[in-house]
Amino acid sequence: MDFKKTILWAVFSMSGLMLYNNWQVHEGKPSLFGGAPASTAVVADKAASSNKVDVPTQISGSPVVAITPVVNGGAIENAEKFTLQNDVLALEISSSGANVTDARLLKELTAEKNPVELFQYTPTHKYFARSGLISLNNNDLPNHTSTFKLVESGKDGSGRPFAIFASERNGVKLEKTFILNPGSYVVDVGHRVTQTTNNPNPIVLYTEIVRDATQEQKIGPFGGAFSASTFTGPAAYTDKEKFNKLEFSAIDKNKITIPTQVAAGEPAWVAMVQHYFASAWIPGDKDTRDIYAGRIDNGLYRIGIQTPLGVVAPGSTVVEKARLFIGPQEEKVLETIAPGFELLKDYGYLTIIAKPIFWLLEKIHGYVGNWGWSIILLTILIKLAFFPLSAASYKSMARMKEVQPRLVAMKEQYKGEPQKLNQAMMEMYRKEKINPVGGCLPVVIQIPVFISLYWVLLSSVEMRGAPWILWIHDLSVPDPYYILPVIMAVSMFVQTKLNPTPPDPIQAKVMMYMPIVFSIMFFFFPAGLVLYWVTNNLLSIAQQWQINQMFGKKPAK
């Protein structure tokens, strides 16, 4: 019995540790199990007092050295704005830098039925994309602080909305072309560079995403420890180093690790990630590129890519194409955009389990058309998959309940003699062919499945606003009337009664209080997750009751 108690306490301790770790991550603190995978080189913005503009200097294979940053004195707020729109995305482009300062997702609605506004440039929140040119000798070239003029806009021969902006400085002209495709969250961005000076220097194009550290609105009525949110911050991907997340706090401490240089032909992109949504620059891969990240003034953070354009000969022009993604983390869509792009939808450390779970859930949804019923059918399939193990465990618990009177008698007989008590119990288990820890196995196995499903339901924008039945109008937020958590608490209580009462009074109290503890915790979890747990409990009760009936017919020895 001591061994069984040790196993049970280990399971409860691990569950508590995992939940506390999730709480730490939700609160923006580092995971107890370490951060994102480390890579080979450190990249950070380092100040140089020679200038006062937040334009990065050329990397050229070395760690980025950014010029001391100062936000450009309200120029963006006062600049003229131009709108570009398709059926899913509405952009606002500023004449200051030709930066994308506002982006509304027309098919993703807020609780007030307004389009989600992902990019914003307001006094309280700044999140936008920008690009520009730099040179090795720090010539003042067209960059994200320059004034751009609208050259042309409308629809091209394929009916795609487009806009072209131009700016010229020191004999270098930069034209930015933005094109929207029907039904797509990907913006095609072309940078056309024309050289007119007789003393050209190597030119580098930079594309970056900038935002503050403001966290997105958390799920849950009270926020804080009982709320739920996923990672918010910069991220980078290369074919060699894969996906790297950069915590804002790590950037502040200059402790970020991402690859600095990407070889020609190697896929790479940089992104800003938040709950359900993301933005990313995806450059071409024909040339060597450099990735950089860091903090700039006024609490802003950036991540970007520099692409060398070489020496542009006088009178000649070069064009560098890139793509800017601004949209929801829909797994089907992400997989089609770029290599590794589906990793923007982050399942945490249990991705290897979570991805197959979401794949199966999505397949079921393709047939039933309702995410709530899909969760229920998925739970049934998981239960069937674990049925042989669960049945063996429930049989073990039923046998334990059968010999419970004998255990109580032994405890009285060997009172004050724990060694003899353990020997007598082990001898009885051997003769009756009972595994004293058999009832713990379903709990142990369900922990990674439960946590994986937790991240699937928490991270899947597909669940956002998805109704089930009656009062459940959104499976991604808590049950508004707490009906599902109450049903879950009752089902856990019934399960506890079906199990044999532990002979240890402390252990018995722990098992009795577990339904209360879990129900309070589940009051703040997404309704879809509670629905899974309720369904799982009801199936377990039915299975356990049947096994108890089968073994209940046998008289106790």
# chains A, B, ... in the order shown; residues from 1 in each chain; ligands from 1
>>> residues_around(residues="His191 of chain A", least_positions_apart="6", cutoff="6 Å", atoms="only C-alpha atoms", output="PyMOL selection string")
chain A and resi 175-176+319-320
>>> closest_residue(among="A:Ser153, A:Asn201, A:Asn422, A:Ser249", to="Leu136 of chain A", atoms="only C-alpha atoms")
A:Asn201
>>> residues_around(residues="segment 93-106 of chain A", least_positions_apart="3", cutoff="6 Å", atoms="only C-alpha atoms", output="PDB file with N, CA and C atoms, in the first residue's frame")
ATOM      1  N   ILE A  76       4.120  59.204 -37.877  1.00  0.00           N
ATOM      2  CA  ILE A  76       3.159  58.205 -38.357  1.00  0.00           C
ATOM      3  C   ILE A  76       1.736  58.618 -38.004  1.00  0.00           C
ATOM      4  N   ALA A  79       0.654  61.357 -40.395  1.00  0.00           N
ATOM      5  CA  ALA A  79       0.851  61.121 -41.832  1.00  0.00           C
ATOM      6  C   ALA A  79      -0.468  60.741 -42.499  1.00  0.00           C
ATOM      7  N   GLU A  80      -0.482  60.904 -43.816  1.00  0.00           N
ATOM      8  CA  GLU A  80      -1.652  60.516 -44.610  1.00  0.00           C
ATOM      9  C   GLU A  80      -1.739  59.000 -44.659  1.00  0.00           C
ATOM     10  N   LYS A  81      -2.954  58.453 -44.617  1.00  0.00           N
ATOM     11  CA  LYS A  81      -3.165  57.008 -44.606  1.00  0.00           C
ATOM     12  C   LYS A  81      -3.896  56.587 -45.883  1.00  0.00           C
ATOM     13  N   PHE A  82      -3.526  55.402 -46.372  1.00  0.00           N
ATOM     14  CA  PHE A  82      -4.141  54.838 -47.571  1.00  0.00           C
ATOM     15  C   PHE A  82      -4.645  53.424 -47.260  1.00  0.00           C
ATOM     16  N   VAL A  88     -10.916  39.492 -46.979  1.00  0.00           N
ATOM     17  CA  VAL A  88     -10.605  39.021 -45.624  1.00  0.00           C
ATOM     18  C   VAL A  88      -9.695  39.972 -44.848  1.00  0.00           C
ATOM     19  N   LEU A  89      -9.063  40.911 -45.526  1.00  0.00           N
ATOM     20  CA  LEU A  89      -8.047  41.740 -44.897  1.00  0.00           C
ATOM     21  C   LEU A  89      -8.163  43.184 -45.361  1.00  0.00           C
ATOM     22  N   ALA A  90      -8.121  44.122 -44.411  1.00  0.00           N
ATOM     23  CA  ALA A  90      -8.129  45.549 -44.719  1.00  0.00           C
ATOM     24  C   ALA A  90      -6.884  46.175 -44.113  1.00  0.00           C
ATOM     25  N   PRO A 115     -14.505  43.631 -36.619  1.00  0.00           N
ATOM     26  CA  PRO A 115     -13.332  42.886 -37.093  1.00  0.00           C
ATOM     27  C   PRO A 115     -12.171  42.996 -36.113  1.00  0.00           C
ATOM     28  N   VAL A 116     -11.442  41.885 -35.948  1.00  0.00           N
ATOM     29  CA  VAL A 116     -10.247  41.906 -35.112  1.00  0.00           C
ATOM     30  C   VAL A 116      -9.223  42.849 -35.743  1.00  0.00           C
ATOM     31  N   GLU A 117      -8.703  43.770 -34.958  1.00  0.00           N
ATOM     32  CA  GLU A 117      -7.705  44.718 -35.440  1.00  0.00           C
ATOM     33  C   GLU A 117      -6.346  44.244 -34.945  1.00  0.00           C
ATOM     34  N   LEU A 118      -5.593  43.570 -35.818  1.00  0.00           N
ATOM     35  CA  LEU A 118      -4.321  42.984 -35.399  1.00  0.00           C
ATOM     36  C   LEU A 118      -3.228  44.048 -35.339  1.00  0.00           C
ATOM     37  N   PHE A 119      -2.958  44.726 -36.463  1.00  0.00           N
ATOM     38  CA  PHE A 119      -2.012  45.839 -36.445  1.00  0.00           C
ATOM     39  C   PHE A 119      -2.723  47.087 -35.945  1.00  0.00           C
ATOM     40  N   GLN A 120      -2.033  47.844 -35.096  1.00  0.00           N
ATOM     41  CA  GLN A 120      -2.565  49.118 -34.617  1.00  0.00           C
ATOM     42  C   GLN A 120      -1.408  50.066 -34.360  1.00  0.00           C
ATOM     43  N   TYR A 121      -1.678  51.354 -34.529  1.00  0.00           N
ATOM     44  CA  TYR A 121      -0.702  52.377 -34.140  1.00  0.00           C
ATOM     45  C   TYR A 121      -1.463  53.462 -33.404  1.00  0.00           C
ATOM     46  N   PHE A 128       3.028  46.973 -35.809  1.00  0.00           N
ATOM     47  CA  PHE A 128       2.998  47.316 -37.229  1.00  0.00           C
ATOM     48  C   PHE A 128       4.186  46.677 -37.938  1.00  0.00           C
ATOM     49  N   ALA A 129       4.181  46.740 -39.275  1.00  0.00           N
ATOM     50  CA  ALA A 129       5.264  46.200 -40.104  1.00  0.00           C
ATOM     51  C   ALA A 129       5.885  47.336 -40.902  1.00  0.00           C
ATOM     52  N   ARG A 130       7.196  47.241 -41.107  1.00  0.00           N
ATOM     53  CA  ARG A 130       7.886  48.302 -41.843  1.00  0.00           C
ATOM     54  C   ARG A 130       9.097  47.722 -42.576  1.00  0.00           C
ATOM     55  N   HIS A 144      12.111  53.452 -43.209  1.00  0.00           N
ATOM     56  CA  HIS A 144      10.751  53.493 -42.651  1.00  0.00           C
ATOM     57  C   HIS A 144      10.392  54.838 -42.031  1.00  0.00           C
ATOM     58  N   THR A 145      11.333  55.789 -42.024  1.00  0.00           N
ATOM     59  CA  THR A 145      11.017  57.144 -41.542  1.00  0.00           C
ATOM     60  C   THR A 145      10.826  58.137 -42.680  1.00  0.00           C
ATOM     61  N   SER A 146      11.108  57.722 -43.908  1.00  0.00           N
ATOM     62  CA  SER A 146      11.015  58.627 -45.066  1.00  0.00           C
ATOM     63  C   SER A 146       9.563  58.903 -45.424  1.00  0.00           C
ATOM     64  N   THR A 147       9.354  60.013 -46.099  1.00  0.00           N
ATOM     65  CA  THR A 147       8.023  60.333 -46.611  1.00  0.00           C
ATOM     66  C   THR A 147       7.851  59.702 -47.986  1.00  0.00           C
ATOM     67  N   PHE A 148       6.809  58.887 -48.135  1.00  0.00           N
ATOM     68  CA  PHE A 148       6.506  58.227 -49.399  1.00  0.00           C
ATOM     69  C   PHE A 148       5.262  58.862 -50.030  1.00  0.00           C
TER      70      PHE A 148
END
>>> residues_around(residues="Ser131 of chain A", least_positions_apart="6", cutoff="7 Å", atoms="only C-alpha atoms", output="PyMOL selection string")
chain A and resi 143-144+206-208
>>> select_by_dssp(residues="segment 291-376 of chain A", states="helix (DSSP H, G or I)", output="PyMOL selection string")
chain A and resi 331-334+341-344+348-368+371-376
>>> residues_around(residues="segment 162-169 of chain A", least_positions_apart="6", cutoff="6 Å", atoms="only C-alpha atoms", output="list of chain:residue names")
A:Leu141, A:Pro142, A:Phe148, A:Lys149, A:Leu150, A:Val151, A:Glu152, A:Ser153, A:Gly154, A:Lys155, A:Glu175, A:Lys176, A:Thr177, A:Phe178, A:Ile179
>>> write_last_selection(atoms="C-alpha atoms", output="PDB file, in the first residue's frame")
ATOM      1  CA  LEU A 141      18.577  56.076 -47.904  1.00  0.00           C
ATOM      2  CA  PRO A 142      14.781  55.683 -48.145  1.00  0.00           C
ATOM      3  CA  PHE A 148       6.506  58.227 -49.399  1.00  0.00           C
ATOM      4  CA  LYS A 149       4.099  59.381 -52.071  1.00  0.00           C
ATOM      5  CA  LEU A 150       1.323  57.287 -53.569  1.00  0.00           C
ATOM      6  CA  VAL A 151       2.324  56.674 -57.195  1.00  0.00           C
ATOM      7  CA  GLU A 152      -0.473  54.408 -58.346  1.00  0.00           C
ATOM      8  CA  SER A 153      -3.317  52.307 -56.923  1.00  0.00           C
ATOM      9  CA  GLY A 154      -6.321  50.308 -58.101  1.00  0.00           C
ATOM     10  CA  LYS A 155      -6.617  46.767 -59.445  1.00  0.00           C
ATOM     11  CA  GLU A 175       9.263  51.897 -54.684  1.00  0.00           C
ATOM     12  CA  LYS A 176       7.110  49.670 -52.468  1.00  0.00           C
ATOM     13  CA  THR A 177       4.321  47.704 -54.114  1.00  0.00           C
ATOM     14  CA  PHE A 178       1.578  46.062 -52.000  1.00  0.00           C
ATOM     15  CA  ILE A 179      -0.733  43.496 -53.652  1.00  0.00           C
TER      16      ILE A 179
END
>>> closest_residue(among="A:Val333, A:Leu457, A:Ala322, A:Ile380", to="Leu538 of chain A", atoms="only C-alpha atoms")
A:Ile380
>>> closest_residue(among="A:Ala385, A:Ala264, A:Ile303, A:Val193", to="Ile209 of chain A", atoms="only C-alpha atoms")
A:Ile303
>>> atom_distance(atom1="atom CA of Asp140 of chain A", atom2="atom CA of Pro308 of chain A")
16.6 Å
>>> closest_residue(among="A:Pro283, A:Lys126, A:Gly372, A:Asn181", to="Glu77 of chain A", atoms="only C-alpha atoms")
A:Lys126
>>> closest_residue(among="A:Ile541, A:Ala213, A:Ile483, A:Ile337", to="Ala527 of chain A", atoms="only C-alpha atoms")
A:Ile483
>>> select_by_dssp(residues="segment 184-326 of chain A", states="strand (DSSP E)", output="JSON, numbers by chain")
{"A": [186, 187, 188, 189, 190, 191, 192, 193, 194, 195, 202, 203, 204, 205, 206, 207, 208, 209, 210, 211, 212, 233, 234, 235, 236, 237, 238, 242, 243, 244, 245, 261, 262, 268, 269, 270, 271, 272, 273, 277, 278, 279, 280, 281, 282, 283, 289, 290, 291, 292, 293, 294, 295, 296, 300, 301, 302, 303, 304, 305, 306, 307, 308, 309, 310, 311, 317, 318, 319, 320, 321, 322, 323, 324, 325, 326]}
>>> write_last_selection(atoms="C-alpha atoms", output="CSV table (one decimal), in the first residue's frame")
chain,number,residue,atom,x,y,z
A,186,VAL,CA,-0.7,37.1,-47.4
A,187,VAL,CA,0.4,40.5,-48.9
A,188,ASP,CA,2.8,40.4,-51.8
A,189,VAL,CA,5.3,43.2,-51.2
A,190,GLY,CA,7.8,44.3,-53.8
A,191,HIS,CA,10.8,46.5,-53.2
A,192,ARG,CA,12.1,48.2,-56.4
A,193,VAL,CA,15.4,50.0,-56.0
A,194,THR,CA,16.7,52.3,-58.6
A,195,GLN,CA,20.3,53.8,-58.5
A,202,PRO,CA,26.2,48.0,-51.4
A,203,ILE,CA,22.6,48.3,-50.4
A,204,VAL,CA,20.7,46.1,-47.9
A,205,LEU,CA,16.9,45.8,-47.6
A,206,TYR,CA,15.5,45.3,-44.1
A,207,THR,CA,11.9,44.1,-43.3
A,208,GLU,CA,10.8,44.0,-39.7
A,209,ILE,CA,7.8,43.7,-37.4
A,210,VAL,CA,7.5,46.0,-34.4
A,211,ARG,CA,5.2,45.9,-31.4
A,212,ASP,CA,5.0,46.7,-27.7
A,233,GLY,CA,6.3,37.8,-28.7
A,234,PRO,CA,8.8,37.5,-31.6
A,235,ALA,CA,9.7,34.2,-33.2
A,236,ALA,CA,12.0,33.1,-36.0
A,237,TYR,CA,12.3,30.0,-38.2
A,238,THR,CA,15.2,28.6,-40.2
A,242,LYS,CA,13.6,25.3,-36.7
A,243,PHE,CA,11.2,27.4,-34.6
A,244,ASN,CA,12.6,29.8,-31.9
A,245,LYS,CA,10.4,31.8,-29.6
A,261,GLN,CA,22.8,34.2,-40.8
A,262,VAL,CA,20.7,32.2,-43.2
A,268,ALA,CA,13.5,31.4,-43.2
A,269,TRP,CA,11.0,33.8,-41.8
A,270,VAL,CA,10.4,36.1,-38.8
A,271,ALA,CA,7.1,36.6,-36.9
A,272,MET,CA,5.2,38.2,-34.1
A,273,VAL,CA,2.9,35.7,-32.4
A,277,PHE,CA,-3.1,35.4,-34.6
A,278,ALA,CA,0.3,36.2,-36.0
A,279,SER,CA,2.2,38.3,-38.5
A,280,ALA,CA,5.3,37.4,-40.4
A,281,TRP,CA,7.8,38.6,-43.0
A,282,ILE,CA,8.7,35.8,-45.5
A,283,PRO,CA,11.6,36.9,-47.7
A,289,ARG,CA,20.0,36.8,-45.2
A,290,ASP,CA,20.5,38.0,-41.6
A,291,ILE,CA,18.0,37.8,-38.8
A,292,TYR,CA,18.0,40.3,-35.9
A,293,ALA,CA,15.9,41.1,-32.9
A,294,GLY,CA,15.9,43.5,-30.0
A,295,ARG,CA,14.3,46.2,-28.0
A,296,ILE,CA,13.9,49.8,-29.2
A,300,LEU,CA,8.8,48.6,-28.4
A,301,TYR,CA,10.4,45.3,-29.6
A,302,ARG,CA,11.3,44.3,-33.2
A,303,ILE,CA,12.4,41.3,-35.2
A,304,GLY,CA,13.5,41.5,-38.8
A,305,ILE,CA,15.5,40.1,-41.7
A,306,GLN,CA,18.1,41.9,-43.7
A,307,THR,CA,18.6,40.9,-47.4
A,308,PRO,CA,21.7,42.2,-49.2
A,309,LEU,CA,20.9,43.7,-52.7
A,310,GLY,CA,24.6,44.2,-53.6
A,311,VAL,CA,25.9,47.2,-55.5
A,317,THR,CA,17.1,48.7,-61.0
A,318,VAL,CA,16.8,45.6,-58.8
A,319,VAL,CA,13.6,44.2,-57.4
A,320,GLU,CA,13.3,42.1,-54.2
A,321,LYS,CA,10.0,40.4,-53.4
A,322,ALA,CA,8.8,39.4,-50.0
A,323,ARG,CA,5.5,38.3,-48.4
A,324,LEU,CA,3.8,39.7,-45.4
A,325,PHE,CA,1.4,37.5,-43.5
A,326,ILE,CA,-1.2,39.0,-41.2
